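input_32.pdb follows; it contains PDB, C-alpha atoms.
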```
ATOM      1  CA  MET A  25      -2.824 -11.713  -7.921
ATOM      2  CA  PHE A  26      -2.956 -10.295 -11.449
ATOM      3  CA  VAL A  27      -0.492  -9.872 -14.315
ATOM      4  CA  PRO A  28      -0.796  -8.044 -17.649
ATOM      5  CA  SER A  29      -1.182 -10.431 -20.567
ATOM      6  CA  ILE A  30       1.020 -10.331 -23.640
ATOM      7  CA  GLU A  31      -2.283  -9.737 -25.450
ATOM      8  CA  CYS A  32      -3.070  -6.798 -23.177
ATOM      9  CA  GLY A  33      -4.703  -3.662 -24.568
ATOM     10  CA  GLY A  34      -5.370  -0.329 -22.864
ATOM     11  CA  HIS A  35      -3.318   2.784 -22.252
ATOM     12  CA  ARG A  36      -1.254   1.237 -19.435
ATOM     13  CA  CYS A  37      -0.271  -2.028 -21.115
ATOM     14  CA  SER A  38       2.618  -0.699 -23.171
ATOM     15  CA  GLU A  39       4.558   0.244 -20.014
ATOM     16  CA  LYS A  40       4.253  -3.103 -18.254
ATOM     17  CA  GLU A  41       6.150  -6.377 -18.183
ATOM     18  CA  LYS A  42       3.769  -8.959 -19.657
ATOM     19  CA  TYR A  43       2.945 -12.628 -19.140
ATOM     20  CA  ASN A  44       2.743 -15.077 -22.043
ATOM     21  CA  SER A  45       0.577 -18.042 -21.054
ATOM     22  CA  SER A  46       1.279 -19.856 -24.343
ATOM     23  CA  ALA A  47       4.956 -20.123 -23.342
ATOM     24  CA  SER A  48       4.144 -21.924 -20.075
ATOM     25  CA  SER A  49       3.730 -25.700 -19.790
ATOM     26  CA  SER A  50       2.055 -25.398 -16.373
ATOM     27  CA  TYR A  51      -0.617 -22.819 -17.268
ATOM     28  CA  VAL A  52      -4.252 -23.944 -17.110
ATOM     29  CA  GLU A  53      -6.977 -21.550 -18.191
ATOM     30  CA  ASP A  54      -9.959 -21.411 -15.848
ATOM     31  CA  GLY A  55     -11.937 -19.529 -18.478
ATOM     32  CA  GLU A  56     -13.858 -17.197 -16.168
ATOM     33  CA  ARG A  57     -13.991 -13.644 -17.540
ATOM     34  CA  VAL A  58     -13.829 -10.952 -14.868
ATOM     35  CA  GLN A  59     -13.716  -7.203 -14.349
ATOM     36  CA  LYS A  60     -10.928  -6.124 -11.972
ATOM     37  CA  TYR A  61     -10.620  -2.964  -9.881
ATOM     38  CA  TYR A  62      -7.520  -2.439  -7.778
ATOM     39  CA  GLN A  63      -6.402   0.928  -6.401
ATOM     40  CA  THR A  64      -6.861   3.044  -9.555
ATOM     41  CA  VAL A  65      -6.455   0.086 -11.934
ATOM     42  CA  SER A  66      -9.517  -0.827 -13.929
ATOM     43  CA  GLY A  67      -9.413  -3.732 -16.323
ATOM     44  CA  TYR A  68     -10.702  -6.997 -17.693
ATOM     45  CA  GLY A  69      -9.091 -10.410 -17.636
ATOM     46  CA  ILE A  70      -9.315 -14.188 -17.594
ATOM     47  CA  VAL A  71      -8.775 -16.355 -14.519
ATOM     48  CA  GLY A  72      -6.027 -18.939 -14.843
ATOM     49  CA  ASN A  73      -3.983 -21.382 -12.760
ATOM     50  CA  GLU A  74      -0.201 -21.410 -12.756
ATOM     51  CA  THR A  75       2.804 -22.673 -10.808
ATOM     52  CA  LEU A  76       4.261 -19.636  -9.058
ATOM     53  CA  HIS A  77       7.929 -19.459  -8.059
ATOM     54  CA  LEU A  78       9.005 -16.989  -5.371
ATOM     55  CA  GLY A  79      12.695 -17.526  -4.770
ATOM     56  CA  SER A  80      12.963 -21.141  -3.642
ATOM     57  CA  LEU A  81       9.218 -21.430  -2.937
ATOM     58  CA  GLU A  82       6.974 -23.217  -5.422
ATOM     59  CA  ILE A  83       3.228 -22.586  -5.190
ATOM     60  CA  GLN A  84       1.172 -24.921  -7.336
ATOM     61  CA  ASP A  85      -2.307 -24.133  -8.664
ATOM     62  CA  GLN A  86      -2.088 -20.426  -7.909
ATOM     63  CA  GLN A  87      -5.146 -18.684  -9.301
ATOM     64  CA  PHE A  88      -4.541 -15.302 -10.885
ATOM     65  CA  ILE A  89      -6.086 -12.890 -13.376
ATOM     66  CA  GLU A  90      -4.397 -12.522 -16.746
ATOM     67  CA  MET A  91      -5.277  -8.931 -17.580
ATOM     68  CA  LYS A  92      -6.372  -8.423 -21.188
ATOM     69  CA  VAL A  93      -7.259  -4.744 -20.651
ATOM     70  CA  TYR A  94      -5.277  -2.639 -18.170
ATOM     71  CA  GLY A  95      -6.231   0.997 -17.605
ATOM     72  CA  THR A  96      -6.757   3.569 -14.868
ATOM     73  CA  ILE A  97      -9.827   5.482 -13.802
ATOM     74  CA  TRP A  98      -8.389   8.762 -12.462
ATOM     75  CA  PRO A  99      -5.009  10.511 -12.076
ATOM     76  CA  ASP A 100      -2.876   7.780 -10.719
ATOM     77  CA  PRO A 101       0.357   8.512  -8.892
ATOM     78  CA  GLY A 102       1.922   5.208  -7.990
ATOM     79  CA  VAL A 103       0.483   3.022 -10.738
ATOM     80  CA  GLU A 104       3.715   3.307 -12.694
ATOM     81  CA  LEU A 105       5.555   1.733  -9.743
ATOM     82  CA  PHE A 106       4.187  -1.755 -10.385
ATOM     83  CA  ASP A 107       3.521  -4.085 -13.299
ATOM     84  CA  SER A 108       1.689  -6.866 -11.477
ATOM     85  CA  VAL A 109       0.148  -7.417  -8.050
ATOM     86  CA  LEU A 110       1.206 -10.181  -5.652
ATOM     87  CA  GLY A 111      -1.311 -10.473  -2.822
ATOM     88  CA  LEU A 112       0.185 -10.465   0.688
ATOM     89  CA  ALA A 113      -3.091 -10.411   2.613
ATOM     90  CA  TYR A 114      -4.092 -13.670   4.274
ATOM     91  CA  THR A 115      -7.847 -13.337   3.836
ATOM     92  CA  THR A 116     -10.170 -10.907   2.123
ATOM     93  CA  THR A 117      -9.533  -7.272   2.973
ATOM     94  CA  ARG A 118     -11.993  -4.392   2.972
ATOM     95  CA  MET A 119     -10.930  -3.676  -0.598
ATOM     96  CA  ASP A 120     -11.594  -7.260  -1.679
ATOM     97  CA  ASN A 121     -15.022  -7.251  -0.061
ATOM     98  CA  TRP A 122     -16.053  -4.692  -2.688
ATOM     99  CA  ASP A 123     -14.664  -6.884  -5.460
ATOM    100  CA  PRO A 124     -16.594 -10.051  -6.357
ATOM    101  CA  ASN A 125     -13.546 -11.438  -8.179
ATOM    102  CA  TYR A 126     -11.459 -12.122  -5.093
ATOM    103  CA  LEU A 127      -8.979 -14.996  -5.439
ATOM    104  CA  ASP A 128      -6.842 -16.580  -2.721
ATOM    105  CA  SER A 129      -3.626 -14.604  -2.365
ATOM    106  CA  PRO A 130      -0.184 -16.190  -2.826
ATOM    107  CA  PHE A 131       0.507 -15.616   0.892
ATOM    108  CA  ARG A 132      -2.646 -17.524   1.854
ATOM    109  CA  GLN A 133      -1.524 -20.360  -0.408
ATOM    110  CA  ILE A 134       1.919 -20.358   1.230
ATOM    111  CA  VAL A 135       0.319 -20.695   4.671
ATOM    112  CA  ARG A 136      -2.222 -23.279   3.553
ATOM    113  CA  HIS A 137       0.433 -25.567   2.054
ATOM    114  CA  GLY A 138       2.871 -25.165   4.955
ATOM    115  CA  LEU A 139       5.719 -23.964   2.764
ATOM    116  CA  LEU A 140       7.431 -21.949   5.521
ATOM    117  CA  ASP A 141       8.696 -22.862   8.979
ATOM    118  CA  ARG A 142       7.242 -19.562  10.145
ATOM    119  CA  ASN A 143       4.413 -17.785   8.334
ATOM    120  CA  MET A 144       5.878 -14.318   8.062
ATOM    121  CA  PHE A 145       7.564 -11.981   5.620
ATOM    122  CA  SER A 146       9.574  -8.779   5.706
ATOM    123  CA  LEU A 147       8.959  -6.001   3.228
ATOM    124  CA  SER A 148      11.080  -3.046   2.147
ATOM    125  CA  LEU A 149       9.526  -0.983  -0.625
ATOM    126  CA  ALA A 150      11.455   0.319  -3.616
ATOM    127  CA  THR A 151      10.477   3.976  -3.316
ATOM    128  CA  ASN A 152      12.197   7.113  -4.613
ATOM    129  CA  GLY A 153      14.582   5.090  -6.758
ATOM    130  CA  GLY A 154      15.844   2.760  -4.013
ATOM    131  CA  GLU A 155      15.986  -1.033  -3.990
ATOM    132  CA  GLY A 156      13.167  -3.092  -2.552
ATOM    133  CA  ASP A 157      13.086  -6.483  -0.839
ATOM    134  CA  LEU A 158      10.518  -9.157  -0.013
ATOM    135  CA  THR A 159      11.739 -12.032   2.175
ATOM    136  CA  PHE A 160       9.452 -14.926   3.170
ATOM    137  CA  GLY A 161       9.959 -16.816   6.421
ATOM    138  CA  GLY A 162      12.277 -14.284   8.079
ATOM    139  CA  VAL A 163      13.918 -10.865   7.890
ATOM    140  CA  ASN A 164      16.571  -9.712   5.425
ATOM    141  CA  GLU A 165      19.246  -8.318   7.719
ATOM    142  CA  ASP A 166      20.887  -6.543   4.777
ATOM    143  CA  PHE A 167      18.050  -4.005   4.872
ATOM    144  CA  LEU A 168      17.408  -3.753   8.630
ATOM    145  CA  GLU A 169      19.377  -1.516  10.975
ATOM    146  CA  GLU A 170      20.388  -3.730  13.895
ATOM    147  CA  GLY A 171      18.479  -3.320  17.172
ATOM    148  CA  THR A 172      15.690  -1.133  15.779
ATOM    149  CA  LEU A 173      12.865  -3.653  15.317
ATOM    150  CA  THR A 174       9.821  -3.015  17.548
ATOM    151  CA  SER A 175       6.667  -5.179  17.573
ATOM    152  CA  HIS A 176       2.977  -4.267  17.758
ATOM    153  CA  LYS A 177      -0.011  -6.574  18.245
ATOM    154  CA  MET A 178      -2.525  -6.926  15.449
ATOM    155  CA  VAL A 179      -6.044  -5.950  16.453
ATOM    156  CA  PRO A 180      -8.546  -7.349  17.052
ATOM    157  CA  ASP A 181      -7.404 -10.849  18.026
ATOM    158  CA  ASN A 182      -9.238 -12.274  14.988
ATOM    159  CA  ALA A 183      -7.953  -9.585  12.600
ATOM    160  CA  THR A 184      -7.974 -10.471   8.909
ATOM    161  CA  ASP A 185      -6.183  -7.283   7.832
ATOM    162  CA  TRP A 186      -2.639  -6.167   8.623
ATOM    163  CA  GLN A 187      -3.654  -3.554  11.195
ATOM    164  CA  ILE A 188      -2.457  -2.333  14.602
ATOM    165  CA  LYS A 189      -3.451   0.320  17.121
ATOM    166  CA  VAL A 190      -2.255   3.874  16.563
ATOM    167  CA  SER A 191      -2.433   6.375  19.423
ATOM    168  CA  SER A 192      -1.593   9.720  17.806
ATOM    169  CA  ALA A 193      -0.297  11.628  14.800
ATOM    170  CA  ARG A 194       1.313  15.044  14.674
ATOM    171  CA  LEU A 195       2.951  17.489  12.299
ATOM    172  CA  GLN A 196       6.084  19.163  13.658
ATOM    173  CA  ALA A 197       8.029  22.090  12.214
ATOM    174  CA  PRO A 198      11.831  21.906  11.828
ATOM    175  CA  ASP A 199      12.213  24.138  14.918
ATOM    176  CA  GLY A 200      10.205  21.689  17.057
ATOM    177  CA  THR A 201       6.915  23.601  17.026
ATOM    178  CA  VAL A 202       3.918  21.246  16.946
ATOM    179  CA  LEU A 203       1.725  22.455  14.088
ATOM    180  CA  GLU A 204      -1.007  19.839  14.269
ATOM    181  CA  GLU A 205      -1.628  16.940  16.667
ATOM    182  CA  GLU A 206      -4.453  14.495  17.158
ATOM    183  CA  THR A 207      -4.741  11.870  19.878
ATOM    184  CA  TYR A 208      -6.896   9.033  18.616
ATOM    185  CA  ASN A 209      -9.437   7.096  20.651
ATOM    186  CA  ASN A 210      -8.617   3.600  21.898
ATOM    187  CA  LYS A 211     -10.481   1.983  18.985
ATOM    188  CA  THR A 212      -8.470   3.654  16.226
ATOM    189  CA  VAL A 213      -6.378   1.316  14.092
ATOM    190  CA  ALA A 214      -3.759   1.853  11.401
ATOM    191  CA  TRP A 215      -4.268  -0.327   8.348
ATOM    192  CA  LEU A 216      -0.960  -1.099   6.595
ATOM    193  CA  HIS A 217      -1.557  -1.307   2.865
ATOM    194  CA  SER A 218       1.297  -1.198   0.383
ATOM    195  CA  ALA A 219      -1.112  -0.919  -2.566
ATOM    196  CA  TYR A 220      -1.875   2.688  -1.682
ATOM    197  CA  PRO A 221       0.829   5.275  -2.309
ATOM    198  CA  GLY A 222      -0.546   7.692   0.256
ATOM    199  CA  ILE A 223      -1.441   8.241   3.903
ATOM    200  CA  PHE A 224      -5.137   8.608   4.667
ATOM    201  CA  LEU A 225      -6.050  10.446   7.875
ATOM    202  CA  PRO A 226      -9.306  11.580   9.513
ATOM    203  CA  HIS A 227     -10.953  14.207   7.331
ATOM    204  CA  LYS A 228     -10.377  17.273   9.539
ATOM    205  CA  GLN A 229      -6.815  16.340  10.459
ATOM    206  CA  ALA A 230      -5.830  15.827   6.824
ATOM    207  CA  ILE A 231      -7.301  19.215   5.902
ATOM    208  CA  HIS A 232      -5.395  20.935   8.728
ATOM    209  CA  ILE A 233      -2.109  19.296   7.698
ATOM    210  CA  LEU A 234      -2.574  20.337   4.073
ATOM    211  CA  GLN A 235      -3.379  23.869   5.250
ATOM    212  CA  HIS A 236      -0.063  24.004   7.118
ATOM    213  CA  LEU A 237       1.670  22.995   3.883
ATOM    214  CA  GLN A 238      -0.428  25.359   1.770
ATOM    215  CA  LYS A 239       2.321  27.901   1.104
ATOM    216  CA  ASP A 240       4.389  25.169  -0.582
ATOM    217  CA  ILE A 241       1.561  23.420  -2.448
ATOM    218  CA  THR A 242       0.183  24.061  -5.901
ATOM    219  CA  TYR A 243      -2.590  21.970  -7.433
ATOM    220  CA  ASP A 244      -1.512  20.713 -10.817
ATOM    221  CA  LYS A 245      -3.955  21.841 -13.512
ATOM    222  CA  CYS A 246      -3.734  18.521 -15.350
ATOM    223  CA  THR A 247      -3.948  16.010 -12.508
ATOM    224  CA  HIS A 248      -5.482  18.183  -9.724
ATOM    225  CA  LEU A 249      -2.931  16.627  -7.344
ATOM    226  CA  PRO A 250      -1.212  18.651  -4.551
ATOM    227  CA  THR A 251       2.368  19.105  -5.739
ATOM    228  CA  ILE A 252       5.459  20.938  -4.479
ATOM    229  CA  PRO A 253       8.890  21.648  -5.980
ATOM    230  CA  CYS A 254      10.927  18.476  -5.533
ATOM    231  CA  ASP A 255      13.920  20.359  -4.158
ATOM    232  CA  SER A 256      11.888  21.727  -1.221
ATOM    233  CA  ARG A 257      10.967  18.373   0.323
ATOM    234  CA  SER A 258      13.804  18.484   2.860
ATOM    235  CA  LEU A 259      12.427  21.778   4.283
ATOM    236  CA  LEU A 260       8.978  20.418   5.144
ATOM    237  CA  PRO A 261       7.683  19.554   8.647
ATOM    238  CA  THR A 262       7.941  15.981   9.908
ATOM    239  CA  LEU A 263       4.867  13.778  10.242
ATOM    240  CA  GLU A 264       4.960  11.457  13.280
ATOM    241  CA  PHE A 265       2.861   8.432  14.265
ATOM    242  CA  SER A 266       2.850   6.697  17.662
ATOM    243  CA  PHE A 267       2.110   2.971  18.022
ATOM    244  CA  PRO A 268       1.681   1.137  21.375
ATOM    245  CA  ASN A 269       4.331  -1.561  21.817
ATOM    246  CA  ALA A 270       3.317  -5.216  22.013
ATOM    247  CA  ASP A 271       4.767  -5.608  25.520
ATOM    248  CA  GLY A 272       2.570  -2.797  26.841
ATOM    249  CA  GLU A 273       5.619  -0.700  27.699
ATOM    250  CA  GLY A 274       5.738   2.609  25.867
ATOM    251  CA  GLU A 275       5.276   3.426  22.206
ATOM    252  CA  GLN A 276       7.256   3.429  19.002
ATOM    253  CA  ILE A 277       7.326   6.787  17.241
ATOM    254  CA  ILE A 278       7.779   6.672  13.480
ATOM    255  CA  GLN A 279       8.913   9.981  12.017
ATOM    256  CA  LEU A 280       8.390  10.706   8.333
ATOM    257  CA  THR A 281      10.274  13.498   6.621
ATOM    258  CA  GLY A 282       9.188  15.443   3.558
ATOM    259  CA  GLU A 283      11.191  13.009   1.438
ATOM    260  CA  ASP A 284       8.953  10.219   2.784
ATOM    261  CA  TYR A 285       5.449  11.691   2.486
ATOM    262  CA  VAL A 286       6.126  13.697  -0.682
ATOM    263  CA  MET A 287       6.853  11.194  -3.419
ATOM    264  CA  GLN A 288       8.154  11.749  -6.918
ATOM    265  CA  PHE A 289       5.932  10.235  -9.593
ATOM    266  CA  ILE A 290       5.366  10.246 -13.285
ATOM    267  CA  VAL A 291       1.629  10.876 -13.554
ATOM    268  CA  GLN A 292      -0.570  10.785 -16.606
ATOM    269  CA  ASN A 293      -4.159  11.794 -17.331
ATOM    270  CA  GLU A 294      -4.970  11.392 -20.994
ATOM    271  CA  SER A 295      -8.161  13.450 -20.990
ATOM    272  CA  LEU A 296      -6.606  16.522 -19.323
ATOM    273  CA  CYS A 297      -2.946  16.447 -20.298
ATOM    274  CA  ASP A 298      -3.091  15.433 -23.954
ATOM    275  CA  GLY A 299      -1.588  12.093 -23.021
ATOM    276  CA  LYS A 300       1.625  13.662 -21.751
ATOM    277  CA  LYS A 301       3.550  12.188 -18.846
ATOM    278  CA  ILE A 302       4.338  14.723 -16.157
ATOM    279  CA  ASP A 303       7.087  14.304 -13.551
ATOM    280  CA  LYS A 304       5.766  15.644 -10.221
ATOM    281  CA  CYS A 305       6.439  15.562  -6.488
ATOM    282  CA  VAL A 306       3.065  14.837  -4.908
ATOM    283  CA  VAL A 307       2.040  15.344  -1.266
ATOM    284  CA  MET A 308       0.749  11.904  -0.298
ATOM    285  CA  VAL A 309      -1.587  12.979   2.532
ATOM    286  CA  ASP A 310      -5.276  12.476   1.860
ATOM    287  CA  MET A 311      -8.589  12.280   3.688
ATOM    288  CA  MET A 312     -10.506   9.241   4.886
ATOM    289  CA  PRO A 313     -14.165   9.381   3.855
ATOM    290  CA  ASP A 314     -16.540  10.679   6.501
ATOM    291  CA  ALA A 315     -19.342   8.425   7.739
ATOM    292  CA  GLY A 316     -22.111   8.455   5.163
ATOM    293  CA  ASP A 317     -19.802   9.409   2.285
ATOM    294  CA  PRO A 318     -19.579   7.100  -0.746
ATOM    295  CA  GLY A 319     -17.492   4.094   0.252
ATOM    296  CA  ASN A 320     -18.204   4.624   3.964
ATOM    297  CA  GLN A 321     -21.991   4.605   4.121
ATOM    298  CA  HIS A 322     -22.009   2.232   7.085
ATOM    299  CA  GLY A 323     -18.964   3.584   8.881
ATOM    300  CA  GLU A 324     -16.566   0.855   7.690
ATOM    301  CA  PHE A 325     -13.667   3.306   7.822
ATOM    302  CA  ASP A 326     -14.511   5.140  11.044
ATOM    303  CA  ASP A 327     -11.753   4.934  13.678
ATOM    304  CA  MET A 328      -9.158   4.056  11.054
ATOM    305  CA  ILE A 329      -6.203   5.531   9.226
ATOM    306  CA  VAL A 330      -4.485   3.967   6.211
ATOM    307  CA  LEU A 331      -0.695   3.938   5.961
ATOM    308  CA  GLY A 332       0.603   3.124   2.499
ATOM    309  CA  GLN A 333       3.857   3.433   0.586
ATOM    310  CA  ALA A 334       4.622   6.909   1.954
ATOM    311  CA  MET A 335       4.804   5.414   5.457
ATOM    312  CA  MET A 336       6.467   2.119   4.616
ATOM    313  CA  GLY A 337       9.088   3.321   2.152
ATOM    314  CA  SER A 338      11.577   4.363   4.829
ATOM    315  CA  LEU A 339      11.077   1.276   7.026
ATOM    316  CA  VAL A 340      11.475  -2.454   7.146
ATOM    317  CA  GLY A 341       8.070  -3.939   7.939
ATOM    318  CA  VAL A 342       7.840  -7.461   9.379
ATOM    319  CA  PHE A 343       4.433  -9.138   9.094
ATOM    320  CA  ASP A 344       4.090 -12.234  11.292
ATOM    321  CA  TRP A 345       0.839 -14.145  10.744
ATOM    322  CA  ASP A 346       1.608 -16.859  13.318
ATOM    323  CA  GLU A 347       2.251 -14.419  16.165
ATOM    324  CA  LYS A 348      -0.294 -11.804  14.904
ATOM    325  CA  MET A 349       2.389  -9.121  15.056
ATOM    326  CA  ILE A 350       3.581  -6.275  12.856
ATOM    327  CA  SER A 351       7.049  -4.879  13.539
ATOM    328  CA  PHE A 352       8.849  -1.795  12.245
ATOM    329  CA  GLY A 353      12.573  -1.226  12.054
ATOM    330  CA  LYS A 354      14.823   1.409  10.566
ATOM    331  CA  ARG A 355      16.026   0.737   7.067
ATOM    332  CA  LYS A 356      19.763   0.880   6.481
ATOM    333  CA  LYS A 357      20.875   3.932   4.528
TER     334      LYS A 357
END
```
Same coordinates, now as structure tokens:
Amino acid sequence: MFVPSIECGGHRCSEKEKYNSSASSSYVEDGERVQKYYQTVSGYGIVGNETLHLGSLEIQDQQFIEMKVYGTIWPDPGVELFDSVLGLAYTTTRMDNWDPNYLDSPFRQIVRHGLLDRNMFSLSLATNGGEGDLTFGGVNEDFLEEGTLTSHKMVPDNATDWQIKVSSARLQAPDGTVLEEETYNNKTVAWLHSAYPGIFLPHKQAIHILQHLQKDITYDKCTHLPTIPCDSRSLLPTLEFSFPNADGEGEQIIQLTGEDYVMQFIVQNESLCDGKKIDKCVVMVDMMPDAGDPGNQHGEFDDMIVLGQAMMGSLVGVFDWDEKMISFGKRKK
């Protein structure tokens, strides 16, 4: 967990809601100074302890980083969508294993202190201007379309990340023509990660999908991001993922439209765009690193895809730590 400090400096601080530790009677400074890297956020902060309130839940002695410097390290679609980060992983994730400043997440603290009857939460992201919801201990029925929730087992049995098996992905034209399809091997998992705005697919498949969209895409000269006219999103092919059901009977197919995997952002790159903010619709399909590439020297990301905000924005996701299940349901319009 980290929050921007009221003393925060850096080009991103002015846009964020800030935390004032001097106004809190329960704040205790740990004093450790740390560097923090998260998604494209790069900054510096001080570790502290605080009482955290999430609805009716009270989490005492929650460690967090009070960010004194808050910046970004490359063009950063999605960073403007959040001020602070509330960790929902139970244990360290692959991302945290690269970061020596890992602190116990609020969700781990909730489980450790037995604050819920059932250690689960449902998540609906606030994407494309819609409302979002985070409900601990159950599902917010106001967001979920009745009868649409389907469950999938986390893998492996001792999984520490929110990940499930994925069997295939395909790109389908509006007339039903399959433009690109890949059936994954039995070891391939989908890692659900709301920190990432995009969808990361095997290198060759991502290239082929972007090639099919090439006639609509231009690469912005300031950010180098693949963009399209916002009013053409509804004309794009659908992107579908298939997940084996927990009961072993059949699969759930999640279909993403252009409005889902092309997201509207305000992006900023000070060195290339003279500090200007640019409103763009960005194609959120990217490539997983190949084995041997930086960040995947030992094959940590082989047999994996990453499904971020572009996947989860149109769904209600239910993450059940006790049952080791992840469920998807349709979000009410």
To verify the selection step, state as a PDB file with C-alpha atoms, in the coordinates of the input which residues the PyMOL selection byres ((chain A and resi 342) around 9) yields on this input.
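out.pdb, freshly written:
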```pdb
ATOM      1  CA  MET A 144       5.878 -14.318   8.062  1.00  0.00           C
ATOM      2  CA  PHE A 145       7.564 -11.981   5.620  1.00  0.00           C
ATOM      3  CA  SER A 146       9.574  -8.779   5.706  1.00  0.00           C
ATOM      4  CA  LEU A 147       8.959  -6.001   3.228  1.00  0.00           C
ATOM      5  CA  GLY A 162      12.277 -14.284   8.079  1.00  0.00           C
ATOM      6  CA  VAL A 163      13.918 -10.865   7.890  1.00  0.00           C
ATOM      7  CA  LEU A 173      12.865  -3.653  15.317  1.00  0.00           C
ATOM      8  CA  SER A 175       6.667  -5.179  17.573  1.00  0.00           C
ATOM      9  CA  VAL A 340      11.475  -2.454   7.146  1.00  0.00           C
ATOM     10  CA  GLY A 341       8.070  -3.939   7.939  1.00  0.00           C
ATOM     11  CA  PHE A 343       4.433  -9.138   9.094  1.00  0.00           C
ATOM     12  CA  ASP A 344       4.090 -12.234  11.292  1.00  0.00           C
ATOM     13  CA  MET A 349       2.389  -9.121  15.056  1.00  0.00           C
ATOM     14  CA  ILE A 350       3.581  -6.275  12.856  1.00  0.00           C
ATOM     15  CA  SER A 351       7.049  -4.879  13.539  1.00  0.00           C
ATOM     16  CA  PHE A 352       8.849  -1.795  12.245  1.00  0.00           C
ATOM     17  CA  GLY A 353      12.573  -1.226  12.054  1.00  0.00           C
TER      18      GLY A 353
END
```
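With only C-alpha atoms as the atoms that count, the residue of A:Ile223, A:Leu234, A:Met335, A:Leu140 with the shortest distance to Glu283 in chain A is A:Met335.
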Nearest candidate to Ser80 in chain A (options A:Thr159, A:Asn269, A:Gln288, A:Thr184; using all atoms listed in the file): A:Thr159
Test item: residues at most 12 Å from range 83-89 of chain A, all atoms listed in the file, excluding those fewer than 4 positions along its chain, as number ranges by chain: A: 25-29, 32, 43, 45, 50-62, 67-79, 93-94, 108-111, 125-140
Distance of CA of Ala230 in chain A from CA of Asn210 in chain A, expressed in Å to one decimal place: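 Going from CA of Asn210 in chain A over to CA of Ala230 in chain A, I get 19.6 Å.
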Separation of CA of Tyr220 in chain A from CA of Gly332 in chain A, in Å and rounded to one decimal: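 Between CA of Tyr220 in chain A and CA of Gly332 in chain A the gap works out to 4.9 Å.
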Proximity to Asp255 in chain A - best of A:Glu205, A:Glu31, A:Glu41, A:Asp240, only C-alpha atoms: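 Distance minimum relative to Asp255 in chain A lands on A:Asp240.
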Between CA of Tyr243 in chain A and CA of Asp107 in chain A - distance in Å to one decimal: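 Taking CA of Asp107 in chain A as the start and CA of Tyr243 in chain A as the end point, the length is 27.4 Å.
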Surrounding residues of Thr207 in chain A excluding itself and chain neighbours under 3 positions, 7 Å, all atoms listed in the file, as a PyMOL selection string: chain A and resi 191-193
Nearby residues (all atoms listed in the file) at most 9 Å from His236 in chain A, same-chain spacing under 3 positions excluded, as a short mmCIF file (atom, residue, chain, number, x, y, z; two decimals) with C-alpha atoms, in the coordinates of the input:
```
data_model
loop_
_atom_site.label_atom_id
_atom_site.label_comp_id
_atom_site.auth_asym_id
_atom_site.auth_seq_id
_atom_site.Cartn_x
_atom_site.Cartn_y
_atom_site.Cartn_z
CA LEU A 195 2.95 17.49 12.30
CA LEU A 203 1.72 22.46 14.09
CA GLU A 204 -1.01 19.84 14.27
CA ILE A 231 -7.30 19.22 5.90
CA HIS A 232 -5.40 20.94 8.73
CA ILE A 233 -2.11 19.30 7.70
CA LYS A 239 2.32 27.90 1.10
CA ASP A 240 4.39 25.17 -0.58
#
```
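When all atoms listed in the file are used to compute distances to Leu280 in chain A, the closest of the residues A:Val213, A:Ile252, A:Val179, A:Leu263 turns out to be A:Leu263.
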Given the PyMOL selection byres ((chain A and resi 256) around 12), the residues it picks as a ChimeraX atom specification: /A:237,239-241,251-255,257-261,281-283,286-287,305-307
Nearest candidate to Asp326 in chain A (options A:Gln196, A:Gly274, A:Thr212, A:Gly222; using all atoms listed in the file):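 Checking each of A:Gln196, A:Gly274, A:Thr212, A:Gly222 against Asp326 in chain A, counting all atoms listed in the file, the winner is A:Thr212.
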Picked residues, the PyMOL selection byres ((chain A and resi 330) around 7), as a list in words: Ala214, Trp215, Leu216, His217, Ile223, Phe224, Leu225, Met328, Ile329, Leu331 and Gly332 of chain A
Would you write out those residues with C-alpha atoms, as a PDB file, in the frame of the given file?
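The resulting file, selection.pdb, is reproduced below:
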```pdb
ATOM      1  CA  ALA A 214      -3.759   1.853  11.401  1.00  0.00           C
ATOM      2  CA  TRP A 215      -4.268  -0.327   8.348  1.00  0.00           C
ATOM      3  CA  LEU A 216      -0.960  -1.099   6.595  1.00  0.00           C
ATOM      4  CA  HIS A 217      -1.557  -1.307   2.865  1.00  0.00           C
ATOM      5  CA  ILE A 223      -1.441   8.241   3.903  1.00  0.00           C
ATOM      6  CA  PHE A 224      -5.137   8.608   4.667  1.00  0.00           C
ATOM      7  CA  LEU A 225      -6.050  10.446   7.875  1.00  0.00           C
ATOM      8  CA  MET A 328      -9.158   4.056  11.054  1.00  0.00           C
ATOM      9  CA  ILE A 329      -6.203   5.531   9.226  1.00  0.00           C
ATOM     10  CA  LEU A 331      -0.695   3.938   5.961  1.00  0.00           C
ATOM     11  CA  GLY A 332       0.603   3.124   2.499  1.00  0.00           C
TER      12      GLY A 332
END
```
Among the residues A:Lys245, A:Glu273, A:Ala113, A:Glu347, the one that comes closest to Lys304 in chain A [using only C-alpha atoms]: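 Residue with the minimum atom-to-atom distance to Lys304 in chain A: A:Lys245.
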